[in-house]
file model_15.pdb (PDB, C-alpha atoms, pLDDT in the B column)
ATOM      1  CA  MET U   1       8.605 -79.780-178.893  1.00 83.00           C
ATOM      2  CA  ILE U   2       5.834 -78.631-181.218  1.00 80.00           C
ATOM      3  CA  ASP U   3       5.581 -75.299-179.400  1.00 84.00           C
ATOM      4  CA  ALA U   4       9.331 -74.883-179.906  1.00 86.00           C
ATOM      5  CA  ASP U   5       8.838 -75.578-183.658  1.00 85.00           C
ATOM      6  CA  GLU U   6      10.944 -78.713-183.454  1.00 82.00           C
ATOM      7  CA  THR U   7      10.422 -81.394-186.061  1.00 82.00           C
ATOM      8  CA  GLY U   8      12.099 -84.588-187.031  1.00 83.00           C
ATOM      9  CA  PRO U   9      12.458 -88.162-185.907  1.00 83.00           C
ATOM     10  CA  GLU U  10      12.578 -87.381-182.177  1.00 87.00           C
ATOM     11  CA  LEU U  11       9.169 -85.686-182.361  1.00 90.00           C
ATOM     12  CA  THR U  12       7.808 -88.644-184.341  1.00 90.00           C
ATOM     13  CA  LYS U  13       9.081 -91.118-181.756  1.00 92.00           C
ATOM     14  CA  LEU U  14       7.839 -89.148-178.744  1.00 92.00           C
ATOM     15  CA  SER U  15       4.385 -88.560-180.236  1.00 92.00           C
ATOM     16  CA  ALA U  16       4.029 -92.296-180.997  1.00 93.00           C
ATOM     17  CA  MET U  17       5.090 -93.078-177.414  1.00 94.00           C
ATOM     18  CA  ALA U  18       2.504 -90.621-176.081  1.00 94.00           C
ATOM     19  CA  LYS U  19      -0.273 -92.142-178.192  1.00 92.00           C
ATOM     20  CA  LEU U  20       0.642 -95.654-177.077  1.00 91.00           C
ATOM     21  CA  TYR U  21       0.785 -94.625-173.419  1.00 93.00           C
ATOM     22  CA  CYS U  22      -2.584 -92.839-173.598  1.00 90.00           C
ATOM     23  CA  THR U  23      -4.378 -95.863-175.018  1.00 85.00           C
ATOM     24  CA  ASP U  24      -2.848 -98.081-172.323  1.00 85.00           C
ATOM     25  CA  VAL U  25      -3.963 -95.664-169.601  1.00 87.00           C
ATOM     26  CA  ALA U  26      -7.468 -95.427-171.093  1.00 82.00           C
ATOM     27  CA  MET U  27      -7.736 -99.210-170.962  1.00 82.00           C
ATOM     28  CA  GLU U  28      -6.557 -99.309-167.357  1.00 85.00           C
ATOM     29  CA  VAL U  29      -8.912 -96.524-166.258  1.00 84.00           C
ATOM     30  CA  THR U  30     -11.993 -98.048-167.865  1.00 79.00           C
ATOM     31  CA  THR U  31     -11.153-101.480-166.483  1.00 80.00           C
ATOM     32  CA  ASP U  32     -10.860 -99.988-163.001  1.00 84.00           C
ATOM     33  CA  ALA U  33     -14.126 -98.066-163.452  1.00 79.00           C
ATOM     34  CA  VAL U  34     -15.992-101.224-164.449  1.00 77.00           C
ATOM     35  CA  GLN U  35     -14.446-103.071-161.485  1.00 80.00           C
ATOM     36  CA  VAL U  36     -15.497-100.336-159.047  1.00 82.00           C
ATOM     37  CA  LEU U  37     -19.054-100.245-160.394  1.00 78.00           C
ATOM     38  CA  GLY U  38     -19.384-104.019-160.571  1.00 77.00           C
ATOM     39  CA  GLY U  39     -22.443-105.116-162.525  1.00 72.00           C
ATOM     40  CA  TYR U  40     -23.518-101.519-163.089  1.00 69.00           C
ATOM     41  CA  GLY U  41     -20.444-101.040-165.252  1.00 64.00           C
ATOM     42  CA  TYR U  42     -22.016-103.283-167.878  1.00 66.00           C
ATOM     43  CA  ILE U  43     -25.449-101.643-167.957  1.00 69.00           C
ATOM     44  CA  THR U  44     -25.879 -99.443-171.019  1.00 68.00           C
ATOM     45  CA  GLU U  45     -27.682 -96.706-169.052  1.00 71.00           C
ATOM     46  CA  TYR U  46     -24.457 -95.886-167.198  1.00 68.00           C
ATOM     47  CA  PRO U  47     -21.865 -93.731-168.973  1.00 66.00           C
ATOM     48  CA  VAL U  48     -18.940 -95.984-168.086  1.00 66.00           C
ATOM     49  CA  GLU U  49     -20.310 -98.704-170.367  1.00 61.00           C
ATOM     50  CA  THR U  50     -20.455 -96.375-173.363  1.00 60.00           C
ATOM     51  CA  HIS U  51     -16.867 -95.186-172.760  1.00 59.00           C
ATOM     52  CA  ASP U  52     -15.472 -98.622-172.014  1.00 58.00           C
ATOM     53  CA  ALA U  53     -12.241 -99.064-174.009  1.00 58.00           C
ATOM     54  CA  ARG U  54     -12.577-102.816-173.565  1.00 61.00           C
ATOM     55  CA  ARG U  55     -15.644-103.029-175.824  1.00 63.00           C
ATOM     56  CA  GLU U  56     -15.065-105.449-178.664  1.00 62.00           C
ATOM     57  CA  ASP U  57     -15.607-102.873-181.408  1.00 61.00           C
ATOM     58  CA  HIS U  58     -12.957-100.643-179.808  1.00 67.00           C
ATOM     59  CA  ALA U  59     -10.570-103.428-178.846  1.00 72.00           C
ATOM     60  CA  ASP U  60      -9.601-104.502-182.382  1.00 74.00           C
ATOM     61  CA  LEU U  61      -9.085-100.943-183.537  1.00 77.00           C
ATOM     62  CA  ARG U  62      -7.043-100.133-180.418  1.00 78.00           C
ATOM     63  CA  ARG U  63      -4.817-103.189-180.952  1.00 81.00           C
ATOM     64  CA  GLN U  64      -4.194-102.207-184.563  1.00 86.00           C
ATOM     65  CA  ARG U  65      -3.367 -98.611-183.662  1.00 87.00           C
ATOM     66  CA  ASN U  66      -1.098 -99.691-180.822  1.00 88.00           C
ATOM     67  CA  GLN U  67       0.750-102.049-183.156  1.00 92.00           C
ATOM     68  CA  ILE U  68       1.296 -99.199-185.612  1.00 92.00           C
ATOM     69  CA  GLN U  69       2.623 -96.973-182.818  1.00 92.00           C
ATOM     70  CA  ARG U  70       5.008 -99.724-181.707  1.00 93.00           C
ATOM     71  CA  LEU U  71       6.295-100.050-185.279  1.00 94.00           C
ATOM     72  CA  VAL U  72       6.827 -96.290-185.536  1.00 93.00           C
ATOM     73  CA  ILE U  73       8.715 -96.242-182.223  1.00 93.00           C
ATOM     74  CA  ALA U  74      10.857 -99.221-183.239  1.00 93.00           C
ATOM     75  CA  ARG U  75      11.645 -97.689-186.627  1.00 93.00           C
ATOM     76  CA  GLU U  76      12.788 -94.418-185.062  1.00 92.00           C
ATOM     77  CA  MET U  77      14.858 -96.224-182.428  1.00 91.00           C
ATOM     78  CA  LEU U  78      16.548 -98.323-185.111  1.00 92.00           C
ATOM     79  CA  LYS U  79      17.349 -95.172-187.070  1.00 89.00           C
ATOM     80  CA  GLU U  80      18.902 -93.633-183.945  1.00 85.00           C
ATOM     81  CA  ASN U  81      21.027 -96.716-183.267  1.00 82.00           C
ATOM     82  CA  ARG U  82      22.099 -96.987-186.890  1.00 82.00           C
ATOM     83  CA  THR U  83      23.154 -93.346-186.982  1.00 77.00           C
ATOM     84  CA  PHE U  84      25.021 -93.769-183.698  1.00 76.00           C
ATOM     85  CA  LEU U  85      26.822 -96.892-184.904  1.00 74.00           C
ATOM     86  CA  LEU U  86      27.714 -95.412-188.278  1.00 77.00           C
ATOM     87  CA  ALA U  87      29.078 -92.253-186.627  1.00 77.00           C
ATOM     88  CA  GLY U  88      31.826 -94.350-185.037  1.00 70.00           C
ATOM     89  CA  VAL U  89      32.871 -95.806-188.399  1.00 64.00           C
ATOM     90  CA  GLY U  90      35.311 -93.920-190.537  1.00 54.00           C
TER      91      GLY U  90
END
call {"tool": "encode", "arguments": {"input": "model_15.pdb", "output": "structure tokens"}}
result
Amino acid sequence: MIDADETGPELTKLSAMAKLYCTDVAMEVTTDAVQVLGGYGYITEYPVETHDARREDHADLRRQRNQIQRLVIAREMLKENRTFLLAGVG
């Protein structure tokens, strides 16, 4: 959509959905990596520990960002529904 120079509420909604999905996938991937490595996944010398999205300092920030993305998505969906409903009136 950006390459096609499209703007507007649809782009806002889809970009928020993409951000939300990416953080969920990152969490799933790092959880799986730690599970596969077992105890080594928690040792700081291994890279998976430094990239672990489940770390406490990342977890709060991720939850806050995900909540913001959910609010953006909900706002855009409500706008769509309101426009749709109002189009039938009159």
call {"tool": "closest_residue", "arguments": {"input": "model_15.pdb", "among": "U:Met1, U:Gly88, U:Thr30, U:Arg63", "to": "Lys13 in chain U", "atoms": "all atoms listed in the file"}}
result
U:Met1
call {"tool": "resolve_selection", "arguments": {"input": "model_15.pdb", "expression": "the PyMOL selection byres ((chain U and resi 65) around 12)", "output": "PyMOL selection string"}}
result
chain U and resi 16-17+19-24+58-64+66-72
call {"tool": "atom_distance", "arguments": {"input": "model_15.pdb", "atom1": "CA of Ala18 in chain U", "atom2": "CA of Glu76 in chain U"}}
result
14.2 Å
call {"tool": "closest_residue", "arguments": {"input": "model_15.pdb", "among": "U:Glu45, U:Asp3, U:Glu28, U:Glu10", "to": "Met77 in chain U", "atoms": "only C-alpha atoms"}}
result
U:Glu10
call {"tool": "atom_distance", "arguments": {"input": "model_15.pdb", "atom1": "CA of Ile2 in chain U", "atom2": "CA of Ser15 in chain U"}}
result
10.1 Å
call {"tool": "axis_aligned_box", "arguments": {"input": "model_15.pdb", "around": "range 65-81 of chain U", "padding_each_side": "4 Å", "output": "AutoDock Vina command-line options"}}
result
--center_x 8.8 --center_y -97.8 --center_z -183.9 --size_x 32.4 --size_y 16.4 --size_z 14.2
call {"tool": "atom_distance", "arguments": {"input": "model_15.pdb", "atom1": "CA of Leu14 in chain U", "atom2": "CA of Leu86 in chain U"}}
result
22.9 Å
call {"tool": "residues_around", "arguments": {"input": "model_15.pdb", "residues": "Lys79 in chain U", "least_positions_apart": "5", "cutoff": "9 Å", "atoms": "all atoms listed in the file", "output": "number ranges by chain"}}
result
U: 9, 74, 84
call {"tool": "closest_residue", "arguments": {"input": "model_15.pdb", "among": "U:Ala87, U:Val36, U:Ile73, U:Met27", "to": "Leu11 in chain U", "atoms": "only C-alpha atoms"}}
result
U:Ile73
call {"tool": "build_atoms", "arguments": {"input": "model_15.pdb", "residues": "range 23-34 of chain U", "atoms": "all heavy atoms", "output": "short mmCIF file (atom, residue, chain, number, x, y, z; two decimals), in the frame of the given file"}}
result
data_model
loop_
_atom_site.label_atom_id
_atom_site.label_comp_id
_atom_site.auth_asym_id
_atom_site.auth_seq_id
_atom_site.Cartn_x
_atom_site.Cartn_y
_atom_site.Cartn_z
N THR U 23 -3.43 -94.78 -174.82
CA THR U 23 -4.38 -95.86 -175.02
C THR U 23 -4.26 -96.91 -173.91
O THR U 23 -5.26 -97.47 -173.48
CB THR U 23 -4.20 -96.54 -176.39
OG1 THR U 23 -2.86 -97.00 -176.52
CG2 THR U 23 -4.53 -95.59 -177.51
N ASP U 24 -3.03 -97.14 -173.44
CA ASP U 24 -2.85 -98.08 -172.32
C ASP U 24 -3.50 -97.55 -171.05
O ASP U 24 -4.14 -98.30 -170.30
CB ASP U 24 -1.37 -98.35 -172.08
CG ASP U 24 -0.74 -99.22 -173.16
OD1 ASP U 24 -1.50 -99.86 -173.92
OD2 ASP U 24 0.50 -99.26 -173.24
N VAL U 25 -3.36 -96.27 -170.80
CA VAL U 25 -3.96 -95.66 -169.60
C VAL U 25 -5.49 -95.68 -169.71
O VAL U 25 -6.18 -95.98 -168.74
CB VAL U 25 -3.44 -94.23 -169.38
CG1 VAL U 25 -4.25 -93.50 -168.32
CG2 VAL U 25 -1.97 -94.26 -168.98
N ALA U 26 -6.02 -95.39 -170.90
CA ALA U 26 -7.47 -95.43 -171.09
C ALA U 26 -8.01 -96.82 -170.79
O ALA U 26 -9.07 -96.96 -170.15
CB ALA U 26 -7.83 -95.02 -172.52
N MET U 27 -7.31 -97.84 -171.23
CA MET U 27 -7.74 -99.21 -170.96
C MET U 27 -7.72 -99.50 -169.47
O MET U 27 -8.67 -100.09 -168.93
CB MET U 27 -6.81 -100.17 -171.71
CG MET U 27 -7.19 -101.60 -171.57
SD MET U 27 -8.76 -101.89 -172.37
CE MET U 27 -8.87 -103.64 -172.18
N GLU U 28 -6.67 -99.07 -168.80
CA GLU U 28 -6.56 -99.31 -167.36
C GLU U 28 -7.65 -98.57 -166.58
O GLU U 28 -8.27 -99.14 -165.67
CB GLU U 28 -5.18 -98.86 -166.88
CG GLU U 28 -4.92 -99.14 -165.42
CD GLU U 28 -3.52 -98.71 -165.01
OE1 GLU U 28 -2.63 -98.60 -165.87
OE2 GLU U 28 -3.33 -98.48 -163.80
N VAL U 29 -7.91 -97.33 -166.95
CA VAL U 29 -8.91 -96.52 -166.26
C VAL U 29 -10.31 -97.11 -166.43
O VAL U 29 -11.08 -97.22 -165.47
CB VAL U 29 -8.87 -95.06 -166.75
CG1 VAL U 29 -10.09 -94.28 -166.29
CG2 VAL U 29 -7.60 -94.39 -166.27
N THR U 30 -10.65 -97.50 -167.66
CA THR U 30 -11.99 -98.05 -167.86
C THR U 30 -12.15 -99.41 -167.20
O THR U 30 -13.22 -99.73 -166.69
CB THR U 30 -12.34 -98.16 -169.36
OG1 THR U 30 -11.33 -98.90 -170.03
CG2 THR U 30 -12.45 -96.79 -169.99
N THR U 31 -11.09 -100.20 -167.19
CA THR U 31 -11.15 -101.48 -166.48
C THR U 31 -11.39 -101.26 -164.99
O THR U 31 -12.23 -101.93 -164.38
CB THR U 31 -9.85 -102.27 -166.70
OG1 THR U 31 -9.70 -102.53 -168.09
CG2 THR U 31 -9.88 -103.60 -165.95
N ASP U 32 -10.68 -100.30 -164.42
CA ASP U 32 -10.86 -99.99 -163.00
C ASP U 32 -12.27 -99.46 -162.73
O ASP U 32 -12.89 -99.80 -161.72
CB ASP U 32 -9.82 -98.97 -162.53
CG ASP U 32 -8.42 -99.54 -162.47
OD1 ASP U 32 -8.28 -100.79 -162.55
OD2 ASP U 32 -7.46 -98.76 -162.34
N ALA U 33 -12.78 -98.62 -163.64
CA ALA U 33 -14.13 -98.07 -163.45
C ALA U 33 -15.17 -99.17 -163.46
O ALA U 33 -16.09 -99.18 -162.63
CB ALA U 33 -14.42 -97.04 -164.54
N VAL U 34 -15.04 -100.11 -164.38
CA VAL U 34 -15.99 -101.22 -164.45
C VAL U 34 -15.87 -102.07 -163.19
O VAL U 34 -16.87 -102.52 -162.63
CB VAL U 34 -15.76 -102.06 -165.74
CG1 VAL U 34 -16.55 -103.36 -165.68
CG2 VAL U 34 -16.16 -101.25 -166.95
#
